[in-house]
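Taking it in order: structure first as structure tokens, then the write-up.
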Number of protein chains: 2
Amino acid sequence: MNRSPILLVHGGAWDIPADLLEAHEQGVFDALQEGWRLLERGASAVDAVEAAVTAMENDPAFDAGRGSFLTRDGRVQLDALIMDGAAMRAGGVACVERIRNPIQAARLVLDKSHHVYFVGPGAEAFAESHGMTLIDNSELVLDRERERLAEAQKRERAGVPDVTFSGSPSQESHDTVGAVALDSDGHLAAATSTGGTLNKAPGRVGDSSLIGCGCYADNSSAAVSLTGWGEPIMKLVLGKWATDRVLSGGSPEQVAPDAITYLHRRLGGHGGIILLAPDGRYGLAHNTPRMAWGVHTAEGPRVGTILRDDAPQP
Amino acid sequence: MNRSPILLVHGGAWDIPADLLEAHEQGVFDALQEGWRLLERGASAVDAVEAAVTAMENDPAFDAGRGSFLTRDGRVQLDALIMDGAAMRAGGVACVERIRNPIQAARLVLDKSHHVYFVGPGAEAFAESHGMTLIDNSELVLDRERERLAEAQKRERAGVPDVTFSGSPSQESHDTVGAVALDSDGHLAAATSTGGTLNKAPGRVGDSSLIGCGCYADNSSAAVSLTGWGEPIMKLVLGKWATDRVLSGGSPEQVAPDAITYLHRRLGGHGGIILLAPDGRYGLAHNTPRMAWGVHTAEGPRVGTILRDDAPQP
């Protein structure tokens with residue numbers, strides 16, 4: 001098979017403030033370039049999603065890699081999952097503190113281990129044993145995030161309700177990044193990476209790195225990456241829900257908004273989704289005010305920070 | 001609603017040696033008693049599965065809690081998940097080393113946190129902050145397991161292939177425990193707990209504590225607990241696969257063996273499943289030589305260590 005590749009990325013679904021819109025558009029654009037450069041040369045979908053997510057981890061605009069939200073005790077704890085839908089291989093890491101690019105550690109798990117998922121210091125030791133340099137956690141922490149945490153904790157002490165888990169989209173969370181790709185061999189892959197939520201309890205793991213929740217890929221159904229309020233996405237195993245509906249004949253254009261509607265109707269959740277079928281059809285949706293998104297086909301790249309119901313899908 | 005409760009448990013699916021059969025039958029029988037005592041008094045399904053799994057964690061016959069398999073470096077690392085299908089609440093912990101009953105820590109997450117999943121030292125700190133006493137890891141380690149690990153590592157050094165992940169059922173893994181229950185209010189719950197695989201790399205987390213993989217419950221579909229070779233179960237998100245098929249009209253009696261057939265056909269996996277629908281129908285299946293199982297209905301308890309294709313479902 002030699003088909004035209006497709007790459008979709010997201011940079012988180014939330015109420016992105018006006019002064020950050022340009023940085024988010026630029027970030028998803030750059031991620032598209034990194035992934036597309038590989039896809040157009042015939043590289044695999046799994047290489048492309050790793051490259052696109054690495055670019056967003058390295059971009060401090062996003063809540064992934066350096067510049068992520070801080071835990072209650074001021075540290076960065078990162079989660080990531082990558083899945084190769086051709087071979088049904090997957091690799092994930094969670095709650096790692098000393099890895100600059102958790103998606104690359106996840107890729108090492110996919111390639112080098114018969115296990116799928118490693119957490120905490122064991123995940124870091126696995127990555128180091130396969131040649132990855134461990135860094136000090138402080139290298140991932142930005143002053144911007146120290147201030148953001150101090151503000152959140154000040155509000156907490158003052159008794160201002162934390163709306164992160166209230167069901168209403170917050171300006172302070174959900175900046176998870178993700179990518180799905182279809183390569184010229186017709187194979188699918190997906191990747192998701194996150195720093196989690198602001199002021200989170202140490203050790204908390206959300207949907208991003210959980211297989212079938214924030215990330216999933218299977219050539220026989222679809223590839224998906226989600227972002228948003230993690231716990232409802234987990235409880236509905238929403239990634240698998242969406243790919244299963246493509247498998248049973250739903251179009252990704254319709255299944256993507258259906259998944260977000262189901263998330264909200266069933267558990268009051270909010271978030272965003274990118275979904276790609278093996279025949280090249282795709283869908284994007286969010287019920288947050290904004291979601292940074294990008295699509296690259298042979299016709300070129302398109303990016304934005306909002307998808308409107310009354311507009312045609314990109 | 002006031003209906004007749006049902007409790008199913010499993011104590012792992014593998015090639016249980018003849019000299020351990022009695023201990024396994026006794027263990028699942030005792031777990032049934034603990035859970036049923038609560039259910040017949042009108043307690044919730046989530047209380048019943050927690051009690052049944054606690055009993056098996058405390059029983060050194062099983063690979064859960066004290067007496068679990070050891071990691072490559074000689075420690076016990078435990079994972080557990082519990083889910084309340086009535087309220088769609090869930091709690092899980094993974095890679096905890098200082099908790100005697102991880103299913104009780106998972107229950108604390110379900111009850112006391114808006115998060116769902118905690119891993120590593122953060123999970124232990126969460127449990128401690130809610131009144132749980134942390135123990136030394138050595139309290140979970142049995143001499144039997146030190147010897148078993150030494151034997152495995154001796155074989156490894158001698159170049160004997162490790163069959164744990166070869167696709168053939170091994171005598172050395174998959175002793176995970178689990179329970180599913182339907183209470184007198186018609187609510188479902190599920191719980192799964194494990195010490196993982198013998199000689200595992202530290203930090204490895206399998207299917208047991210991953211929502212939708214080794215454990216899932218939703219009143220609108222079914223409750224499920226799985227055991228077996230974790231990675232294929234994860235890649236297929238097999239718990240959600242099974243409950244979705246009940247939701248779309250499949251009978252648990254048929255979906256349970258279908259799930260195990262799918263596991264083997266698609267990825268060469270082996271394991272076992274217990275599956276319970278909100279109308280009280282249930283199914284059990286395994287493709288390993290044996291699986292410790294137990295069912296308690298108003299008619300009383302039944303236990304065994306094998307289910308045969310040519311025999312009626314229990």
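Residues in the structure tokens are numbered from 1 in each chain, the chains being A, B, ... in the order shown, and ligands are numbered from 1 in the order shown.
Excluding segment 235-239 of chain B itself and any same-chain residue fewer than 5 positions from it, the protein and nucleic acid residues within 8 Å of it, counting only C-alpha atoms, are Met88, Arg89, Ala90, Ile211, Gly212 and Lys240 of chain A; Gly212, Cys213, Gly214, Cys215, Tyr216, Val224, Ser225, Leu226, Ala259 and Leu263 of chain B.
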Could those selected residues go to a file with N, CA and C atoms, as a PDB file, in the first residue's frame?
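So out.pdb came out as:
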```pdb
ATOM      1  N   MET A  88      -0.037  -3.659  17.358  1.00  0.00           N
ATOM      2  CA  MET A  88      -0.667  -3.693  18.673  1.00  0.00           C
ATOM      3  C   MET A  88       0.402  -3.724  19.770  1.00  0.00           C
ATOM      4  N   ARG A  89       1.375  -2.840  19.610  1.00  0.00           N
ATOM      5  CA  ARG A  89       2.362  -2.653  20.666  1.00  0.00           C
ATOM      6  C   ARG A  89       2.088  -1.309  21.324  1.00  0.00           C
ATOM      7  N   ALA A  90       2.391  -1.211  22.608  1.00  0.00           N
ATOM      8  CA  ALA A  90       2.165   0.044  23.313  1.00  0.00           C
ATOM      9  C   ALA A  90       3.248   0.216  24.360  1.00  0.00           C
ATOM     10  N   ILE A 211      -4.017   3.249  28.769  1.00  0.00           N
ATOM     11  CA  ILE A 211      -4.373   2.661  27.479  1.00  0.00           C
ATOM     12  C   ILE A 211      -5.898   2.525  27.369  1.00  0.00           C
ATOM     13  N   GLY A 212      -6.444   3.000  26.259  1.00  0.00           N
ATOM     14  CA  GLY A 212      -7.897   2.968  26.067  1.00  0.00           C
ATOM     15  C   GLY A 212      -8.598   4.193  26.623  1.00  0.00           C
ATOM     16  N   LYS A 240     -11.256   4.021  23.934  1.00  0.00           N
ATOM     17  CA  LYS A 240     -11.732   2.744  23.394  1.00  0.00           C
ATOM     18  C   LYS A 240     -13.176   2.873  22.910  1.00  0.00           C
TER      19      LYS A 240
ATOM     20  N   GLY B 212     -10.836  -0.514  32.909  1.00  0.00           N
ATOM     21  CA  GLY B 212     -11.229  -1.016  31.594  1.00  0.00           C
ATOM     22  C   GLY B 212     -10.408  -2.198  31.128  1.00  0.00           C
ATOM     23  N   CYS B 213      -9.274  -2.431  31.762  1.00  0.00           N
ATOM     24  CA  CYS B 213      -8.423  -3.566  31.377  1.00  0.00           C
ATOM     25  C   CYS B 213      -8.736  -4.750  32.292  1.00  0.00           C
ATOM     26  N   GLY B 214      -8.112  -4.800  33.492  1.00  0.00           N
ATOM     27  CA  GLY B 214      -8.343  -5.928  34.391  1.00  0.00           C
ATOM     28  C   GLY B 214      -9.550  -5.780  35.289  1.00  0.00           C
ATOM     29  N   CYS B 215     -10.228  -4.645  35.233  1.00  0.00           N
ATOM     30  CA  CYS B 215     -11.339  -4.387  36.166  1.00  0.00           C
ATOM     31  C   CYS B 215     -12.224  -3.284  35.606  1.00  0.00           C
ATOM     32  N   TYR B 216     -13.544  -3.482  35.711  1.00  0.00           N
ATOM     33  CA  TYR B 216     -14.477  -2.443  35.285  1.00  0.00           C
ATOM     34  C   TYR B 216     -15.863  -2.764  35.824  1.00  0.00           C
ATOM     35  N   VAL B 224     -16.725  -6.715  35.739  1.00  0.00           N
ATOM     36  CA  VAL B 224     -15.779  -7.714  35.248  1.00  0.00           C
ATOM     37  C   VAL B 224     -14.461  -7.641  36.018  1.00  0.00           C
ATOM     38  N   SER B 225     -13.842  -8.808  36.232  1.00  0.00           N
ATOM     39  CA  SER B 225     -12.464  -8.851  36.715  1.00  0.00           C
ATOM     40  C   SER B 225     -11.721  -9.892  35.906  1.00  0.00           C
ATOM     41  N   LEU B 226     -10.504  -9.547  35.488  1.00  0.00           N
ATOM     42  CA  LEU B 226      -9.705 -10.456  34.670  1.00  0.00           C
ATOM     43  C   LEU B 226      -8.420 -10.839  35.374  1.00  0.00           C
ATOM     44  N   ALA B 259     -14.609 -13.498  25.210  1.00  0.00           N
ATOM     45  CA  ALA B 259     -13.522 -12.569  25.529  1.00  0.00           C
ATOM     46  C   ALA B 259     -12.182 -13.306  25.580  1.00  0.00           C
ATOM     47  N   LEU B 263      -9.011 -12.828  23.146  1.00  0.00           N
ATOM     48  CA  LEU B 263      -7.676 -12.584  23.709  1.00  0.00           C
ATOM     49  C   LEU B 263      -6.637 -13.502  23.067  1.00  0.00           C
TER      50      LEU B 263
END
```
Long-range neighbours of segment 80-85 of chain A as a compact mmCIF listing (two decimals) with C-alpha atoms, in the first residue's frame, 8 Å cut-off, only C-alpha atoms, 6 positions minimum in chain:
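Written out: around_24.txt:
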```
# COMPACT_ATOMS: atom_id res chain seq x y z
CA ALA A 45 3.04 6.60 12.00
CA VAL A 46 4.59 5.72 15.35
CA GLU A 50 6.53 10.54 18.71
CA GLY A 91 4.47 1.76 25.78
CA GLY A 92 3.64 4.08 28.63
CA VAL A 93 5.23 5.81 31.59
CA ALA A 94 3.57 7.62 34.46
CA PRO A 102 8.34 11.14 28.55
CA ILE A 103 6.97 10.21 25.10
CA ALA A 106 7.24 5.52 26.40
CA ARG A 107 8.62 4.70 22.96
CA LEU A 110 7.14 0.02 23.31
CA HIS A 187 -0.71 2.01 9.62
CA LEU A 188 -2.12 4.00 12.54
CA ALA A 189 -0.45 5.28 15.72
CA ALA A 190 -1.37 7.53 18.64
CA ALA A 191 0.53 9.36 21.38
CA THR A 192 -0.49 11.48 24.37
CA SER A 193 1.66 13.31 26.93
CA THR A 194 0.80 15.46 29.93
CA SER A 208 -3.39 10.50 29.25
CA SER A 209 -1.11 7.51 29.83
CA LEU A 210 -3.87 4.96 30.43
CA ILE A 211 -4.37 2.66 27.48
CA CYS A 215 -4.77 7.23 23.96
CA TYR A 216 -5.38 4.17 21.77
CA ALA A 217 -4.54 2.88 18.29
CA ASP A 218 -5.56 -0.25 16.43
CA ASN A 219 -5.32 -0.62 12.64
CA SER A 220 -8.59 -2.54 12.71
CA ALA A 223 -6.34 5.99 16.46
```
Query - DSSP-assigned alpha helix (DSSP H) among segment 48-172 of chain A, expressed as JSON, numbers by chain - result: {"A": [48, 49, 50, 51, 52, 53, 54, 55, 56, 57, 58, 102, 103, 104, 105, 106, 107, 108, 109, 110, 111, 112, 120, 121, 122, 123, 124, 125, 126, 127, 128, 129, 143, 144, 145, 146, 147, 148, 149, 150, 151, 152, 153, 154, 155, 156, 157]}
**Report entry** Selection: 12 Å around Ser129 of chain B, only C-alpha atoms, excl. self and same-chain fewer than 2 positions, as a PyMOL selection string
**Finding:** (chain A and resi 201) or (chain B and resi 105+108-109+112-113+122-127+131-134)
I need the contact residues of chain A against chain B, so if you could list those with any atom within 6 Å, counting only C-alpha atoms, and return them as a PDB file with N, CA, C and O atoms, in the first residue's frame, that would help.
```
ATOM      1  N   TYR A 117       3.729  -0.865  30.541  1.00  0.00           N
ATOM      2  CA  TYR A 117       3.527   0.318  31.377  1.00  0.00           C
ATOM      3  C   TYR A 117       4.466   0.282  32.567  1.00  0.00           C
ATOM      4  O   TYR A 117       4.511  -0.724  33.297  1.00  0.00           O
ATOM      5  N   PHE A 118       5.207   1.360  32.744  1.00  0.00           N
ATOM      6  CA  PHE A 118       6.093   1.511  33.899  1.00  0.00           C
ATOM      7  C   PHE A 118       5.763   2.826  34.606  1.00  0.00           C
ATOM      8  O   PHE A 118       5.487   3.826  33.938  1.00  0.00           O
ATOM      9  N   VAL A 119       5.840   2.820  35.925  1.00  0.00           N
ATOM     10  CA  VAL A 119       5.537   4.043  36.667  1.00  0.00           C
ATOM     11  C   VAL A 119       6.664   4.383  37.639  1.00  0.00           C
ATOM     12  O   VAL A 119       7.407   3.492  38.083  1.00  0.00           O
ATOM     13  N   GLY A 122      10.825   3.273  38.859  1.00  0.00           N
ATOM     14  CA  GLY A 122      11.070   2.103  38.014  1.00  0.00           C
ATOM     15  C   GLY A 122      11.033   2.468  36.534  1.00  0.00           C
ATOM     16  O   GLY A 122      11.810   1.927  35.728  1.00  0.00           O
ATOM     17  N   ALA A 123      10.149   3.382  36.173  1.00  0.00           N
ATOM     18  CA  ALA A 123      10.076   3.846  34.780  1.00  0.00           C
ATOM     19  C   ALA A 123      11.343   4.622  34.423  1.00  0.00           C
ATOM     20  O   ALA A 123      11.895   4.470  33.326  1.00  0.00           O
ATOM     21  N   PRO A 202       0.629  14.658  44.646  1.00  0.00           N
ATOM     22  CA  PRO A 202       1.716  13.853  44.076  1.00  0.00           C
ATOM     23  C   PRO A 202       1.263  12.405  43.886  1.00  0.00           C
ATOM     24  O   PRO A 202       0.571  11.846  44.736  1.00  0.00           O
ATOM     25  N   GLY A 203       1.641  11.822  42.763  1.00  0.00           N
ATOM     26  CA  GLY A 203       1.274  10.440  42.493  1.00  0.00           C
ATOM     27  C   GLY A 203       0.007  10.272  41.696  1.00  0.00           C
ATOM     28  O   GLY A 203      -0.273   9.176  41.201  1.00  0.00           O
ATOM     29  N   ARG A 204      -0.783  11.341  41.548  1.00  0.00           N
ATOM     30  CA  ARG A 204      -2.024  11.235  40.765  1.00  0.00           C
ATOM     31  C   ARG A 204      -1.691  11.015  39.282  1.00  0.00           C
ATOM     32  O   ARG A 204      -0.850  11.695  38.718  1.00  0.00           O
ATOM     33  N   VAL A 205      -2.363  10.045  38.682  1.00  0.00           N
ATOM     34  CA  VAL A 205      -2.213   9.778  37.259  1.00  0.00           C
ATOM     35  C   VAL A 205      -3.585   9.931  36.609  1.00  0.00           C
ATOM     36  O   VAL A 205      -4.571   9.373  37.101  1.00  0.00           O
TER      37      VAL A 205
END
```
Report task. Excluding segment 13-20 of chain A and any residue of its chain fewer than 2 positions from it, enumerate the residues within 9 Å of it, using only C-alpha atoms, and give them as an NGL selection string. Result -> :A and (10-11 or 22-25 or 61 or 169-176 or 226-228 or 270-273 or 286-293 or 305)
Query raised in the report: Out of segment 1-240 of chain B, which residues get strand (DSSP E or B) from DSSP, as a PyMOL selection string?
Result: chain B and resi 6-14+71+78-84+89-96+117-119+177-182+188-194+200+204+211+215-217+223-228
Could those selected residues go to a file with N, CA and C atoms, as a compact mmCIF listing (two decimals), in the first residue's frame?
```txt
# COMPACT_ATOMS: atom_id res chain seq x y z
N ILE B 6 -25.49 -11.58 44.33
CA ILE B 6 -24.59 -12.56 43.72
C ILE B 6 -23.16 -12.07 43.90
N LEU B 7 -22.27 -13.00 44.19
CA LEU B 7 -20.84 -12.67 44.32
C LEU B 7 -20.03 -13.70 43.56
N LEU B 8 -19.13 -13.23 42.71
CA LEU B 8 -18.18 -14.11 42.03
C LEU B 8 -16.77 -13.67 42.41
N VAL B 9 -15.88 -14.64 42.58
CA VAL B 9 -14.47 -14.32 42.84
C VAL B 9 -13.58 -15.20 41.97
N HIS B 10 -12.36 -14.73 41.73
CA HIS B 10 -11.33 -15.60 41.14
C HIS B 10 -10.04 -15.40 41.90
N GLY B 11 -9.20 -16.42 41.86
CA GLY B 11 -7.91 -16.36 42.54
C GLY B 11 -6.76 -16.59 41.58
N GLY B 12 -6.99 -16.24 40.30
CA GLY B 12 -5.92 -16.34 39.31
C GLY B 12 -6.11 -17.52 38.38
N ALA B 13 -5.69 -17.32 37.12
CA ALA B 13 -5.82 -18.35 36.09
C ALA B 13 -4.43 -18.74 35.62
N TRP B 14 -4.03 -19.98 35.91
CA TRP B 14 -2.70 -20.47 35.50
C TRP B 14 -2.67 -21.97 35.69
N THR B 71 9.69 -8.69 42.73
CA THR B 71 10.31 -8.03 41.58
C THR B 71 11.74 -8.54 41.45
N LEU B 78 2.63 -3.77 44.58
CA LEU B 78 1.23 -4.18 44.47
C LEU B 78 0.38 -3.17 43.70
N ASP B 79 -0.60 -3.69 42.97
CA ASP B 79 -1.55 -2.87 42.20
C ASP B 79 -2.98 -3.32 42.52
N ALA B 80 -3.92 -2.40 42.57
CA ALA B 80 -5.32 -2.78 42.79
C ALA B 80 -6.25 -1.70 42.25
N LEU B 81 -7.44 -2.13 41.84
CA LEU B 81 -8.48 -1.18 41.41
C LEU B 81 -9.83 -1.66 41.92
N ILE B 82 -10.66 -0.71 42.31
CA ILE B 82 -12.04 -1.03 42.71
C ILE B 82 -12.96 -0.03 42.02
N MET B 83 -14.12 -0.51 41.57
CA MET B 83 -15.04 0.39 40.85
C MET B 83 -16.47 0.12 41.27
N ASP B 84 -17.18 1.20 41.49
CA ASP B 84 -18.57 1.19 41.92
C ASP B 84 -19.42 1.54 40.69
N ARG B 89 -17.89 5.55 40.19
CA ARG B 89 -16.70 6.01 40.92
C ARG B 89 -15.68 4.88 40.86
N ALA B 90 -14.40 5.25 40.85
CA ALA B 90 -13.36 4.24 40.83
C ALA B 90 -12.17 4.73 41.62
N GLY B 91 -11.39 3.78 42.15
CA GLY B 91 -10.16 4.13 42.84
C GLY B 91 -9.12 3.06 42.56
N GLY B 92 -7.90 3.49 42.29
CA GLY B 92 -6.85 2.53 42.02
C GLY B 92 -5.52 3.00 42.58
N VAL B 93 -4.67 2.03 42.90
CA VAL B 93 -3.28 2.32 43.28
C VAL B 93 -2.39 1.35 42.52
N ALA B 94 -1.18 1.80 42.21
CA ALA B 94 -0.24 0.92 41.53
C ALA B 94 1.15 1.12 42.08
N CYS B 95 1.90 0.03 42.04
CA CYS B 95 3.31 0.08 42.41
C CYS B 95 3.50 0.58 43.84
N VAL B 96 2.63 0.11 44.73
CA VAL B 96 2.79 0.47 46.14
C VAL B 96 3.53 -0.66 46.87
N TYR B 117 -6.70 7.56 40.29
CA TYR B 117 -5.56 6.65 40.22
C TYR B 117 -4.33 7.32 40.80
N PHE B 118 -3.69 6.64 41.75
CA PHE B 118 -2.45 7.11 42.34
C PHE B 118 -1.39 6.01 42.22
N VAL B 119 -0.16 6.40 41.99
CA VAL B 119 0.90 5.41 41.86
C VAL B 119 2.08 5.75 42.76
N VAL B 177 -6.03 -11.74 42.00
CA VAL B 177 -7.35 -12.06 42.55
C VAL B 177 -8.36 -10.99 42.15
N GLY B 178 -9.63 -11.37 42.18
CA GLY B 178 -10.66 -10.41 41.82
C GLY B 178 -12.03 -10.84 42.28
N ALA B 179 -12.95 -9.89 42.26
CA ALA B 179 -14.33 -10.16 42.66
C ALA B 179 -15.28 -9.23 41.91
N VAL B 180 -16.47 -9.72 41.61
CA VAL B 180 -17.56 -8.88 41.09
C VAL B 180 -18.81 -9.22 41.90
N ALA B 181 -19.63 -8.21 42.13
CA ALA B 181 -20.82 -8.44 42.96
C ALA B 181 -22.00 -7.63 42.47
N LEU B 182 -23.17 -8.19 42.72
CA LEU B 182 -24.45 -7.52 42.52
C LEU B 182 -25.13 -7.49 43.88
N LEU B 188 -23.84 -2.89 40.82
CA LEU B 188 -22.68 -3.71 40.50
C LEU B 188 -21.39 -3.07 41.02
N ALA B 189 -20.39 -3.92 41.34
CA ALA B 189 -19.05 -3.43 41.65
C ALA B 189 -18.05 -4.49 41.23
N ALA B 190 -16.80 -4.05 41.06
CA ALA B 190 -15.72 -4.96 40.70
C ALA B 190 -14.44 -4.55 41.41
N ALA B 191 -13.57 -5.53 41.69
CA ALA B 191 -12.28 -5.23 42.31
C ALA B 191 -11.25 -6.26 41.85
N THR B 192 -10.02 -5.81 41.65
CA THR B 192 -8.93 -6.68 41.22
C THR B 192 -7.67 -6.26 41.96
N SER B 193 -6.84 -7.23 42.37
CA SER B 193 -5.62 -6.92 43.11
C SER B 193 -4.54 -7.91 42.72
N THR B 194 -3.30 -7.43 42.63
CA THR B 194 -2.23 -8.32 42.18
C THR B 194 -0.87 -7.91 42.71
N LYS B 200 9.59 -9.50 37.92
CA LYS B 200 9.25 -8.37 37.04
C LYS B 200 10.22 -7.21 37.27
N ARG B 204 7.00 -1.96 36.79
CA ARG B 204 6.06 -2.49 35.80
C ARG B 204 4.67 -2.58 36.39
N ILE B 211 -8.09 0.78 34.64
CA ILE B 211 -9.53 0.83 34.44
C ILE B 211 -9.89 0.41 33.02
N CYS B 215 -10.23 -4.65 35.23
CA CYS B 215 -11.34 -4.39 36.17
C CYS B 215 -12.22 -3.28 35.61
N TYR B 216 -13.54 -3.48 35.71
CA TYR B 216 -14.48 -2.44 35.28
C TYR B 216 -15.86 -2.76 35.82
N ALA B 217 -16.64 -1.73 36.12
CA ALA B 217 -18.02 -1.94 36.54
C ALA B 217 -18.86 -0.74 36.14
N ALA B 223 -20.16 -5.93 35.34
CA ALA B 223 -18.95 -5.84 36.17
C ALA B 223 -18.04 -6.99 35.77
N VAL B 224 -16.72 -6.71 35.74
CA VAL B 224 -15.78 -7.71 35.25
C VAL B 224 -14.46 -7.64 36.02
N SER B 225 -13.84 -8.81 36.23
CA SER B 225 -12.46 -8.85 36.71
C SER B 225 -11.72 -9.89 35.91
N LEU B 226 -10.50 -9.55 35.49
CA LEU B 226 -9.70 -10.46 34.67
C LEU B 226 -8.42 -10.84 35.37
N THR B 227 -7.82 -11.91 34.90
CA THR B 227 -6.52 -12.38 35.38
C THR B 227 -5.81 -13.02 34.21
N GLY B 228 -4.51 -13.00 34.24
CA GLY B 228 -3.76 -13.65 33.17
C GLY B 228 -2.55 -12.85 32.78
```
**Report entry** Atom pair atom CA of Gly249 of chain B / atom CA of Ala222 of chain B: separation (Å)
**Finding:**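 Computing the Euclidean distance for atom CA of Gly249 of chain B and atom CA of Ala222 of chain B yields 11.1 Å.
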**Report entry** Contacts of Ala152 of chain B within 9 Å, only C-alpha atoms, excl. fewer than 3 positions in-chain, as a list in words
**Finding:** Glu147, Arg148, Leu149, Arg155, Glu156, Arg157, Asp162, Leu198 and Asn199 of chain B
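Distance check against Arg66 of chain A using only C-alpha atoms: of A:Gly269, A:Glu34, A:Thr197, A:Asn101, the minimum falls on A:Asn101.
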Report task. Quick one: pull the distance between atom CA of Leu142 of chain B and atom CA of Arg302 of chain B, Å, one decimal. Result ->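 Computed distance, atom CA of Leu142 of chain B to atom CA of Arg302 of chain B, equals 29.5 Å.
As for atom CA of Thr243 of chain A and atom CA of Ala242 of chain B, they are spaced 15.2 Å apart.
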**Report entry** Residues near Asp136 of chain B, cut-off 12 Å, only C-alpha atoms, skip fewer than 5 positions along chain, as a PyMOL selection string
**Finding:** chain B and resi 66+75-77+96-100+124+141
Let's have the selection written as a compact mmCIF listing (two decimals), in the first residue's frame, with all heavy atoms.
```
# COMPACT_ATOMS: atom_id res chain seq x y z
N ARG B 66 0.35 -9.82 50.88
CA ARG B 66 1.47 -10.59 51.43
C ARG B 66 1.59 -11.92 50.71
O ARG B 66 0.58 -12.58 50.45
CB ARG B 66 1.22 -10.81 52.93
CG ARG B 66 2.36 -11.51 53.66
CD ARG B 66 2.23 -11.32 55.17
NE ARG B 66 3.22 -12.14 55.86
CZ ARG B 66 3.01 -13.40 56.22
NH1 ARG B 66 1.83 -13.97 56.00
NH2 ARG B 66 3.98 -14.09 56.81
N ARG B 75 11.59 -7.18 45.90
CA ARG B 75 10.57 -6.46 46.65
C ARG B 75 9.17 -6.86 46.17
O ARG B 75 8.99 -7.41 45.09
CB ARG B 75 10.75 -4.95 46.47
CG ARG B 75 12.09 -4.46 47.02
CD ARG B 75 12.32 -3.00 46.72
NE ARG B 75 11.46 -2.12 47.49
CZ ARG B 75 11.68 -1.74 48.74
NH1 ARG B 75 12.75 -2.19 49.39
NH2 ARG B 75 10.85 -0.93 49.37
N VAL B 76 8.18 -6.54 46.99
CA VAL B 76 6.78 -6.71 46.58
C VAL B 76 6.26 -5.34 46.11
O VAL B 76 6.41 -4.34 46.82
CB VAL B 76 5.93 -7.25 47.74
CG1 VAL B 76 4.44 -7.11 47.44
CG2 VAL B 76 6.27 -8.71 48.02
N GLN B 77 5.67 -5.30 44.92
CA GLN B 77 5.01 -4.09 44.42
C GLN B 77 3.59 -4.46 44.01
O GLN B 77 3.40 -5.35 43.18
CB GLN B 77 5.77 -3.51 43.21
CG GLN B 77 7.10 -2.88 43.59
CD GLN B 77 7.77 -2.15 42.43
OE1 GLN B 77 7.55 -2.47 41.27
NE2 GLN B 77 8.58 -1.16 42.76
N VAL B 96 2.63 0.11 44.73
CA VAL B 96 2.79 0.47 46.14
C VAL B 96 3.53 -0.66 46.87
O VAL B 96 3.34 -1.84 46.59
CB VAL B 96 1.44 0.78 46.84
CG1 VAL B 96 0.84 2.05 46.26
CG2 VAL B 96 0.46 -0.36 46.73
N GLU B 97 4.40 -0.28 47.79
CA GLU B 97 5.29 -1.23 48.45
C GLU B 97 5.06 -1.31 49.95
O GLU B 97 5.59 -2.19 50.61
CB GLU B 97 6.75 -0.81 48.22
CG GLU B 97 7.14 -0.76 46.76
CD GLU B 97 8.65 -0.57 46.57
OE1 GLU B 97 9.31 -0.09 47.51
OE2 GLU B 97 9.14 -0.93 45.48
N ARG B 98 4.30 -0.36 50.49
CA ARG B 98 4.21 -0.26 51.95
C ARG B 98 2.77 -0.38 52.44
O ARG B 98 2.43 0.08 53.52
CB ARG B 98 4.83 1.06 52.40
CG ARG B 98 6.30 1.19 51.92
CD ARG B 98 6.90 2.51 52.35
NE ARG B 98 6.89 2.62 53.80
CZ ARG B 98 6.92 3.79 54.46
NH1 ARG B 98 6.95 4.92 53.80
NH2 ARG B 98 6.91 3.80 55.78
N ILE B 99 1.92 -0.98 51.63
CA ILE B 99 0.50 -1.08 51.98
C ILE B 99 0.11 -2.56 52.05
O ILE B 99 0.33 -3.32 51.12
CB ILE B 99 -0.35 -0.32 50.94
CG1 ILE B 99 -0.11 1.19 51.10
CG2 ILE B 99 -1.82 -0.67 51.07
CD1 ILE B 99 -0.81 2.06 50.10
N ARG B 100 -0.45 -2.96 53.19
CA ARG B 100 -0.78 -4.36 53.37
C ARG B 100 -1.94 -4.79 52.48
O ARG B 100 -1.94 -5.89 51.93
CB ARG B 100 -1.12 -4.61 54.85
CG ARG B 100 -1.38 -6.07 55.20
CD ARG B 100 -1.56 -6.28 56.70
NE ARG B 100 -0.37 -5.94 57.46
CZ ARG B 100 0.70 -6.73 57.58
NH1 ARG B 100 0.71 -7.91 56.96
NH2 ARG B 100 1.73 -6.36 58.28
N GLU B 124 1.06 5.89 48.39
CA GLU B 124 1.25 5.54 49.80
C GLU B 124 0.98 6.74 50.70
O GLU B 124 0.33 6.62 51.74
CB GLU B 124 2.67 5.02 50.01
CG GLU B 124 2.90 3.67 49.30
CD GLU B 124 4.38 3.28 49.17
OE1 GLU B 124 5.24 4.06 49.62
OE2 GLU B 124 4.64 2.20 48.61
N VAL B 141 6.93 -9.91 52.25
CA VAL B 141 7.80 -10.86 51.55
C VAL B 141 7.87 -12.19 52.30
O VAL B 141 8.20 -12.22 53.49
CB VAL B 141 9.23 -10.27 51.40
CG1 VAL B 141 10.14 -11.28 50.71
CG2 VAL B 141 9.18 -8.95 50.64
```
**Report entry** Distance query segment 40-44 of chain B at most 8 Å, only C-alpha atoms, self and fewer than 6 positions along chain excluded, as a PyMOL selection string
**Finding:** chain B and resi 5+183-185+187
